[in-house]
$ cat work-v2.tsv   # TSV, C-alpha atoms
chain	number	residue	atom	x	y	z
A	89	MET	CA	16.65	-3.96	-6.84
A	90	ARG	CA	14.50	-2.95	-3.88
A	91	LYS	CA	12.85	0.43	-3.61
A	92	LYS	CA	12.61	2.18	-0.25
A	93	HIS	CA	9.16	3.51	0.59
A	94	HIS	CA	9.99	5.42	3.76
A	95	LEU	CA	6.69	4.16	5.12
A	96	LEU	CA	5.89	2.31	8.32
A	97	ASP	CA	5.12	-1.38	8.39
A	98	HIS	CA	1.54	-2.49	7.59
A	99	LYS	CA	0.87	-3.49	11.20
A	100	TRP	CA	1.00	0.21	12.18
A	101	GLN	CA	-1.98	0.83	9.91
A	102	LYS	CA	-3.98	-1.70	11.91
A	103	ILE	CA	-2.78	-0.24	15.21
A	104	GLY	CA	-3.65	3.26	13.95
A	105	PHE	CA	-7.14	2.14	12.95
A	106	ILE	CA	-7.80	0.53	16.33
A	107	VAL	CA	-6.54	3.61	18.22
A	108	PHE	CA	-8.57	5.91	15.93
A	109	SER	CA	-11.76	3.87	16.49
A	110	VAL	CA	-11.27	3.94	20.26
A	111	CYS	CA	-10.60	7.70	20.15
A	112	VAL	CA	-13.75	8.38	18.11
A	113	LEU	CA	-15.79	6.27	20.53
A	114	LEU	CA	-14.31	8.05	23.56
A	115	CYS	CA	-14.92	11.47	21.99
A	116	LEU	CA	-18.53	10.51	21.29
A	117	VAL	CA	-19.00	9.24	24.83
A	118	PHE	CA	-17.63	12.35	26.45
A	119	TRP	CA	-18.72	14.95	23.97
A	120	GLN	CA	-22.27	13.82	23.31
A	121	GLY	CA	-22.86	11.67	26.36
A	122	LEU	CA	-23.50	8.81	23.96
A	123	LEU	CA	-22.88	6.15	26.57
A	124	TYR	CA	-25.48	7.58	28.91
A	125	TYR	CA	-27.85	8.03	25.99
A	126	LEU	CA	-27.51	4.35	25.03
A	127	PHE	CA	-27.62	2.95	28.56
A	128	PRO	CA	-29.55	5.54	30.57
A	129	THR	CA	-30.57	3.48	33.57
A	130	SER	CA	-27.80	0.99	34.12
A	131	TYR	CA	-24.39	1.22	35.75
A	132	VAL	CA	-23.09	4.04	33.56
A	133	PRO	CA	-22.05	7.01	35.72
A	134	THR	CA	-23.99	10.17	34.92
A	135	ASN	CA	-21.21	12.41	36.14
A	136	MET	CA	-18.16	12.13	33.93
A	137	SER	CA	-16.12	14.74	35.79
A	138	GLY	CA	-12.78	13.39	36.89
A	139	TYR	CA	-12.49	11.39	33.69
A	140	GLU	CA	-11.76	14.37	31.42
A	141	TRP	CA	-8.20	13.16	31.02
A	142	ILE	CA	-9.56	10.24	28.96
A	143	PHE	CA	-11.18	12.72	26.56
A	144	ALA	CA	-7.97	14.78	26.45
A	145	LEU	CA	-5.99	11.62	25.73
A	146	ALA	CA	-8.38	10.72	22.90
A	147	VAL	CA	-8.04	14.20	21.39
A	148	VAL	CA	-4.23	13.93	21.52
A	149	LEU	CA	-4.12	10.35	20.21
A	150	MET	CA	-6.50	10.95	17.29
A	151	PRO	CA	-4.01	12.90	15.11
A	152	VAL	CA	-1.33	10.34	16.00
A	153	SER	CA	-3.58	7.48	14.89
A	154	ILE	CA	-4.44	9.28	11.62
A	155	ALA	CA	-0.71	9.83	11.01
A	156	LEU	CA	-0.03	6.14	11.65
A	157	MET	CA	-2.68	5.11	9.12
A	158	ALA	CA	-1.54	7.65	6.53
A	159	LEU	CA	2.16	6.87	6.84
A	160	SER	CA	2.08	3.07	6.89
A	161	GLN	CA	2.24	0.90	3.82
A	162	GLU	CA	-0.40	-1.45	2.46
A	163	LYS	CA	-0.15	-5.21	2.97
A	164	LEU	CA	1.57	-5.48	-0.42
A	165	GLU	CA	2.85	-2.07	-1.41
A	166	ASP	CA	3.62	-2.36	-5.10
A	167	GLU	CA	4.38	0.33	-7.67
A	168	ARG	CA	0.72	0.80	-8.70
A	169	ILE	CA	-0.20	1.55	-5.09
A	170	VAL	CA	2.76	3.93	-4.78
A	171	GLU	CA	1.45	5.73	-7.88
A	172	ILE	CA	-2.05	6.02	-6.37
A	173	ARG	CA	-0.45	7.33	-3.17
A	174	HIS	CA	1.45	9.92	-5.21
A	175	GLN	CA	-1.70	11.00	-7.08
A	176	ALA	CA	-3.60	11.36	-3.80
A	177	LEU	CA	-0.82	13.53	-2.40
A	178	VAL	CA	-0.78	15.77	-5.48
A	179	THR	CA	-4.59	16.11	-5.34
A	180	ILE	CA	-4.57	17.10	-1.69
A	181	VAL	CA	-1.76	19.61	-2.19
A	182	ILE	CA	-3.76	21.27	-5.00
A	183	ILE	CA	-6.92	21.37	-2.83
A	184	TYR	CA	-4.86	22.79	0.05
A	185	ILE	CA	-3.35	25.56	-2.10
A	186	VAL	CA	-6.77	26.48	-3.58
A	187	TRP	CA	-8.32	26.59	-0.11
A	188	ARG	CA	-5.53	28.80	1.28
A	189	LEU	CA	-5.81	31.10	-1.74
A	190	LEU	CA	-9.56	31.30	-1.21
A	191	MET	CA	-8.98	32.22	2.44
A	192	PHE	CA	-6.45	34.85	1.45
A	193	LEU	CA	-8.63	36.38	-1.27
A	194	THR	CA	-11.94	36.40	0.61
A	195	THR	CA	-10.69	37.84	3.91
A	196	PRO	CA	-10.41	41.51	2.72
A	197	PHE	CA	-14.07	41.43	1.61
A	198	TYR	CA	-15.77	40.16	4.71
A	199	VAL	CA	-13.65	42.02	7.30
A	200	ARG	CA	-15.48	45.23	6.41
A	201	PHE	CA	-18.89	43.86	7.20
A	202	VAL	CA	-18.46	41.74	10.32
A	203	SER	CA	-17.28	42.31	13.88
A	204	PRO	CA	-13.71	41.36	14.97
A	205	GLU	CA	-15.10	38.50	17.10
A	206	THR	CA	-16.87	37.05	14.08
A	207	ILE	CA	-13.70	37.42	11.99
A	208	GLY	CA	-11.85	35.39	14.62
A	209	LYS	CA	-14.50	32.68	14.51
A	210	ILE	CA	-14.56	32.58	10.70
A	211	ASN	CA	-10.75	32.38	10.62
A	212	MET	CA	-10.80	29.55	13.13
A	213	ILE	CA	-13.44	27.62	11.17
A	214	MET	CA	-11.52	28.14	7.93
A	215	ARG	CA	-8.22	27.09	9.50
A	216	ILE	CA	-9.45	23.76	10.93
A	217	PRO	CA	-9.74	22.09	7.48
A	218	THR	CA	-6.19	23.19	6.65
A	219	GLY	CA	-4.48	21.83	9.75
A	220	VAL	CA	-1.86	19.10	9.56
A	221	THR	CA	-4.23	16.46	10.97
A	222	ALA	CA	-6.94	17.37	8.47
A	223	PHE	CA	-4.35	17.33	5.69
A	224	MET	CA	-3.31	13.78	6.61
A	225	GLY	CA	-6.96	12.77	7.01
A	226	TYR	CA	-7.92	14.05	3.53
A	227	TYR	CA	-4.87	12.40	2.02
A	228	LEU	CA	-5.77	9.10	3.66
A	229	LEU	CA	-9.38	9.40	2.52
A	230	ILE	CA	-8.48	10.21	-1.10
A	231	PHE	CA	-5.84	7.48	-1.21
A	232	LYS	CA	-8.09	4.78	0.26
A	233	LEU	CA	-11.04	5.77	-1.96
A	234	SER	CA	-8.89	5.75	-5.12
A	235	LEU	CA	-7.36	2.40	-4.18
A	236	TRP	CA	-10.75	0.88	-3.41
A	237	LYS	CA	-12.26	2.25	-6.63
A	238	GLN	CA	-9.39	0.99	-8.78
A	239	ASN	CA	-9.25	-2.42	-7.08
A	240	ARG	CA	-13.01	-2.83	-7.54
A	241	GLU	CA	-12.67	-2.13	-11.26
A	242	LEU	CA	-9.72	-4.50	-11.61
A	243	ASN	CA	-11.22	-7.27	-9.47
A	244	ASP	CA	-13.83	-8.07	-12.10
A	245	GLU	CA	-11.21	-9.60	-14.35
A	246	GLU	CA	-10.66	-13.39	-14.41
B	90	MET	CA	2.34	0.46	-24.89
B	91	LYS	CA	1.05	-2.89	-26.07
B	92	ASN	CA	1.77	-6.06	-24.13
B	93	ASN	CA	1.51	-9.81	-24.69
B	94	LEU	CA	1.19	-10.65	-21.04
B	95	ARG	CA	-2.13	-12.42	-21.39
B	96	VAL	CA	-0.86	-14.50	-24.31
B	97	GLU	CA	2.33	-15.49	-22.50
B	98	ARG	CA	0.37	-16.29	-19.37
B	99	ALA	CA	-1.97	-18.52	-21.35
B	100	ARG	CA	1.04	-20.18	-23.01
B	101	VAL	CA	2.50	-21.29	-19.68
B	102	ARG	CA	-0.96	-21.80	-18.10
B	103	MET	CA	-0.39	-19.36	-15.33
B	104	THR	CA	-3.05	-17.44	-13.42
B	105	GLN	CA	-2.84	-13.74	-12.69
B	106	GLN	CA	-2.41	-14.56	-9.01
B	107	ASP	CA	0.52	-16.89	-9.78
B	108	LEU	CA	2.23	-14.19	-11.79
B	109	ALA	CA	1.52	-11.63	-9.08
B	110	ASP	CA	3.04	-13.90	-6.44
B	111	LYS	CA	6.12	-14.54	-8.55
B	112	THR	CA	6.73	-10.85	-9.25
B	113	GLY	CA	5.79	-9.53	-5.80
B	114	VAL	CA	2.85	-7.35	-6.80
B	115	THR	CA	-0.91	-7.54	-6.30
B	116	ARG	CA	-3.19	-9.36	-8.72
B	117	GLN	CA	-4.91	-6.06	-9.49
B	118	THR	CA	-1.60	-4.67	-10.71
B	119	ILE	CA	-1.24	-7.57	-13.15
B	120	VAL	CA	-4.81	-6.91	-14.38
B	121	ALA	CA	-4.03	-3.21	-14.77
B	122	ILE	CA	-0.90	-4.00	-16.81
B	123	GLU	CA	-2.75	-6.50	-19.01
B	124	GLN	CA	-5.49	-3.96	-19.68
B	125	GLY	CA	-2.90	-1.30	-20.52
B	126	LYS	CA	-4.04	0.90	-17.65
B	127	PHE	CA	-0.68	0.82	-15.91
B	128	ASN	CA	2.85	0.76	-17.30
B	129	PRO	CA	5.22	-1.33	-15.19
B	130	SER	CA	8.66	-0.15	-14.13
B	131	THR	CA	11.75	-1.58	-15.82
B	132	VAL	CA	12.38	-3.82	-12.81
B	133	LEU	CA	8.88	-5.29	-12.87
B	134	ALA	CA	8.99	-5.75	-16.65
B	135	LEU	CA	12.31	-7.60	-16.32
B	136	LYS	CA	10.89	-9.81	-13.57
B	137	MET	CA	7.92	-10.71	-15.77
B	138	ALA	CA	10.17	-11.46	-18.72
B	139	ARG	CA	12.25	-13.72	-16.48
B	140	VAL	CA	9.15	-15.58	-15.24
B	141	PHE	CA	8.09	-16.34	-18.82
B	142	GLY	CA	11.63	-16.92	-20.03
B	143	VAL	CA	11.34	-14.35	-22.81
B	144	THR	CA	12.86	-10.95	-23.58
B	145	ILE	CA	11.18	-7.68	-22.58
B	146	GLU	CA	10.57	-6.92	-26.26
B	147	ALA	CA	8.56	-10.13	-26.55
B	148	LEU	CA	6.34	-8.96	-23.71
B	149	PHE	CA	6.06	-5.24	-24.32
B	150	GLU	CA	6.20	-3.16	-27.45
B	151	LEU	CA	5.92	0.54	-28.08
B	152	GLU	CA	3.05	1.93	-30.12
B	153	ASP	CA	3.25	4.86	-32.51
B	154	THR	CA	1.39	7.03	-30.01
B	155	ASP	CA	3.97	6.40	-27.24
$ encode --input "work-v2.tsv" --output "structure tokens"
Amino acid sequence: MRKKHHLLDHKWQKIGFIVFSVCVLLCLVFWQGLLYYLFPTSYVPTNMSGYEWIFALAVVLMPVSIALMALSQEKLEDERIVEIRHQALVTIVIIYIVWRLLMFLTTPFYVRFVSPETIGKINMIMRIPTGVTAFMGYYLLIFKLSLWKQNRELNDEE
Amino acid sequence: MKNNLRVERARVRMTQQDLADKTGVTRQTIVAIEQGKFNPSTVLALKMARVFGVTIEALFELEDTD
């Protein structure tokens, strides 16, 4: 009897990781001028204008790569790993609900004391960690950490 | 739930990795089952019983606290 996981093949995890790494590198290069900082005098162009589409592409591809990593199975996806995956999902849903509740409950207090512009900024800052990409990222982080921790404990045997 | 996995494995001189390969799980899962940290599904328990040529009851038994 074979169980269906509804997850992508393991190779997509590798592809997702490569794409994510490239995206992070590109974002660092364009956002912080890291490339110019590392190689200030050589052949690196100082003016990055005209190449913004690369940055835009990286920003678009980053959530896709996180989704690929989060939704693809491990090399050998057995029932223990499925259980860890399930626990990670439950944990992140609880954190998400608590965070949204916190947002909902704290808003009436601070709106009286700050300007509308500041409220907008606070709302934006508070919404970023609850976006779909962040949700998948947290889930991936919790899942991978739990798996690594458990495997490390179990590796000591025999 | 108690299990005699380690005993049965020793009886047939099988490593955890061998058992893992034969049942299609990771070695860490076998360790977790042996240590009682993880309860296998019915399918996995049946596969293990088949590998050792014993019944499920010979491999796993319920405790009073279960």
$ closest_residue --input "work-v2.tsv" --among "A:Trp236, A:Glu171, A:Glu140, A:Phe201" --to "B:Asn128" --atoms "all atoms listed in the file"
A:Glu171
$ closest_atom_pairs --input "work-v2.tsv" --of "chain B" --to "chain A" --cutoff "7 Å" --atoms "only C-alpha atoms" --output "Markdown table"
| residue | atom | partner | partner_atom | distance |
| --- | --- | --- | --- | --- |
| B:Val114 | CA | A:Asp166 | CA | 5.3 |
| B:Thr115 | CA | A:Leu164 | CA | 6.7 |
| B:Gln117 | CA | A:Leu242 | CA | 5.5 |
| B:Thr118 | CA | A:Arg168 | CA | 6.3 |
| B:Val120 | CA | A:Leu242 | CA | 6.1 |
| B:Ala121 | CA | A:Leu242 | CA | 6.6 |
$ write_last_selection --input "work-v2.tsv" --atoms "C-alpha atoms" --output "CSV table (one decimal), in the frame of the given file"
chain,number,residue,atom,x,y,z
B,114,VAL,CA,2.8,-7.4,-6.8
B,115,THR,CA,-0.9,-7.5,-6.3
B,117,GLN,CA,-4.9,-6.1,-9.5
B,118,THR,CA,-1.6,-4.7,-10.7
B,120,VAL,CA,-4.8,-6.9,-14.4
B,121,ALA,CA,-4.0,-3.2,-14.8
$ atom_distance --input "work-v2.tsv" --atom1 "atom CA of A:Cys115" --atom2 "atom CA of A:Phe143"
6.0 Å
$ residues_around --input "work-v2.tsv" --residues "A:Ala144" --least-positions-apart "5" --cutoff "10 Å" --atoms "all atoms listed in the file" --output "list in words"
Cys111, Leu114, Cys115, Phe118, Tyr139 and Leu149 of chain A
$ atom_distance --input "work-v2.tsv" --atom1 "atom CA of B:Arg100" --atom2 "atom CA of B:Phe141"
9.1 Å
$ atom_distance --input "work-v2.tsv" --atom1 "atom CA of B:Gln105" --atom2 "atom CA of A:Phe231"
24.3 Å
$ residues_around --input "work-v2.tsv" --residues "B:Glu97" --least-positions-apart "3" --cutoff "10 Å" --atoms "all atoms listed in the file" --output "list in words"
Asn92, Asn93, Leu94, Arg100, Val101, Arg102, Met103, Met137, Ala138, Val140, Phe141, Gly142, Val143, Ala147 and Leu148 of chain B
$ residues_around --input "work-v2.tsv" --residues "stretch 98-102 of chain A" --least-positions-apart "4" --cutoff "9 Å" --atoms "all atoms listed in the file" --output "list of chain:residue names"
A:Ile106, A:Val107, A:Ser153, A:Ile154, A:Leu156, A:Met157, A:Ala158, A:Leu159, A:Ser160, A:Gln161, A:Glu162, A:Lys163, A:Leu164
$ residues_around --input "work-v2.tsv" --residues "stretch 214-219 of chain A" --least-positions-apart "5" --cutoff "12 Å" --atoms "all atoms listed in the file" --output "PyMOL selection string"
chain A and resi 151+180-181+183-192+194-195+207-209+224-227
$ closest_residue --input "work-v2.tsv" --among "B:Ile145, B:Lys136, B:Glu150, B:Lys91" --to "B:Lys111" --atoms "only C-alpha atoms"
B:Lys136
$ residues_around --input "work-v2.tsv" --residues "B:Thr154" --least-positions-apart "2" --cutoff "10 Å" --atoms "only C-alpha atoms" --output "list in words"
Met90, Leu151 and Glu152 of chain B
$ closest_residue --input "work-v2.tsv" --among "A:Asn211, A:Phe105, A:Ile172, A:Pro204" --to "A:Met150" --atoms "all atoms listed in the file"
A:Phe105
$ build_atoms --input "work-v2.tsv" --residues "stretch 104-135 of chain B" --atoms "N, CA and C atoms" --output "tab-separated table (two decimals), in the coordinates of the input"
chain	number	residue	atom	x	y	z
B	104	THR	N	-1.98	-18.38	-13.79
B	104	THR	CA	-3.05	-17.44	-13.42
B	104	THR	C	-2.45	-16.08	-13.09
B	105	GLN	N	-3.32	-15.08	-13.03
B	105	GLN	CA	-2.84	-13.74	-12.69
B	105	GLN	C	-2.25	-13.73	-11.28
B	106	GLN	N	-2.88	-14.50	-10.40
B	106	GLN	CA	-2.41	-14.56	-9.01
B	106	GLN	C	-1.02	-15.19	-8.94
B	107	ASP	N	-0.80	-16.25	-9.75
B	107	ASP	CA	0.52	-16.89	-9.78
B	107	ASP	C	1.60	-15.89	-10.21
B	108	LEU	N	1.27	-15.16	-11.27
B	108	LEU	CA	2.23	-14.19	-11.79
B	108	LEU	C	2.48	-13.08	-10.76
B	109	ALA	N	1.40	-12.67	-10.11
B	109	ALA	CA	1.52	-11.63	-9.08
B	109	ALA	C	2.43	-12.11	-7.94
B	110	ASP	N	2.22	-13.35	-7.52
B	110	ASP	CA	3.04	-13.90	-6.44
B	110	ASP	C	4.52	-13.98	-6.84
B	111	LYS	N	4.74	-14.37	-8.09
B	111	LYS	CA	6.12	-14.54	-8.55
B	111	LYS	C	6.85	-13.20	-8.75
B	112	THR	N	6.09	-12.15	-9.02
B	112	THR	CA	6.73	-10.85	-9.25
B	112	THR	C	6.61	-9.90	-8.05
B	113	GLY	N	5.89	-10.34	-7.02
B	113	GLY	CA	5.79	-9.53	-5.80
B	113	GLY	C	4.89	-8.32	-5.90
B	114	VAL	N	3.84	-8.45	-6.70
B	114	VAL	CA	2.85	-7.35	-6.80
B	114	VAL	C	1.46	-7.93	-6.52
B	115	THR	N	0.46	-7.05	-6.52
B	115	THR	CA	-0.91	-7.54	-6.30
B	115	THR	C	-1.51	-8.03	-7.62
B	116	ARG	N	-2.54	-8.84	-7.51
B	116	ARG	CA	-3.19	-9.36	-8.72
B	116	ARG	C	-3.80	-8.21	-9.53
B	117	GLN	N	-4.31	-7.20	-8.80
B	117	GLN	CA	-4.91	-6.06	-9.49
B	117	GLN	C	-3.89	-5.32	-10.36
B	118	THR	N	-2.65	-5.32	-9.92
B	118	THR	CA	-1.60	-4.67	-10.71
B	118	THR	C	-1.37	-5.43	-12.02
B	119	ILE	N	-1.40	-6.75	-11.93
B	119	ILE	CA	-1.24	-7.57	-13.15
B	119	ILE	C	-2.41	-7.28	-14.10
B	120	VAL	N	-3.63	-7.21	-13.55
B	120	VAL	CA	-4.81	-6.91	-14.38
B	120	VAL	C	-4.64	-5.54	-15.04
B	121	ALA	N	-4.20	-4.57	-14.24
B	121	ALA	CA	-4.03	-3.21	-14.77
B	121	ALA	C	-3.00	-3.18	-15.90
B	122	ILE	N	-1.93	-3.95	-15.76
B	122	ILE	CA	-0.90	-4.00	-16.81
B	122	ILE	C	-1.48	-4.67	-18.06
B	123	GLU	N	-2.17	-5.79	-17.86
B	123	GLU	CA	-2.75	-6.50	-19.01
B	123	GLU	C	-3.74	-5.63	-19.78
B	124	GLN	N	-4.50	-4.82	-19.03
B	124	GLN	CA	-5.49	-3.96	-19.68
B	124	GLN	C	-4.88	-2.68	-20.25
B	125	GLY	N	-3.57	-2.50	-20.01
B	125	GLY	CA	-2.90	-1.30	-20.52
B	125	GLY	C	-3.19	-0.06	-19.71
B	126	LYS	N	-3.72	-0.26	-18.49
B	126	LYS	CA	-4.04	0.90	-17.65
B	126	LYS	C	-2.84	1.35	-16.82
B	127	PHE	N	-1.85	0.49	-16.72
B	127	PHE	CA	-0.68	0.82	-15.91
B	127	PHE	C	0.58	0.30	-16.59
B	128	ASN	N	1.57	1.16	-16.71
B	128	ASN	CA	2.85	0.76	-17.30
B	128	ASN	C	3.82	0.34	-16.20
B	129	PRO	N	4.32	-0.89	-16.26
B	129	PRO	CA	5.22	-1.33	-15.19
B	129	PRO	C	6.58	-0.66	-15.27
B	130	SER	N	7.29	-0.69	-14.14
B	130	SER	CA	8.66	-0.15	-14.13
B	130	SER	C	9.57	-1.14	-14.86
B	131	THR	N	10.78	-0.72	-15.13
B	131	THR	CA	11.75	-1.58	-15.82
B	131	THR	C	12.00	-2.85	-15.00
B	132	VAL	N	12.11	-2.67	-13.69
B	132	VAL	CA	12.38	-3.82	-12.81
B	132	VAL	C	11.26	-4.85	-12.90
B	133	LEU	N	10.02	-4.37	-12.82
B	133	LEU	CA	8.88	-5.29	-12.87
B	133	LEU	C	8.78	-5.96	-14.25
B	134	ALA	N	9.03	-5.19	-15.30
B	134	ALA	CA	8.99	-5.75	-16.65
B	134	ALA	C	10.05	-6.84	-16.81
B	135	LEU	N	11.23	-6.59	-16.26
B	135	LEU	CA	12.31	-7.60	-16.32
B	135	LEU	C	11.94	-8.85	-15.53
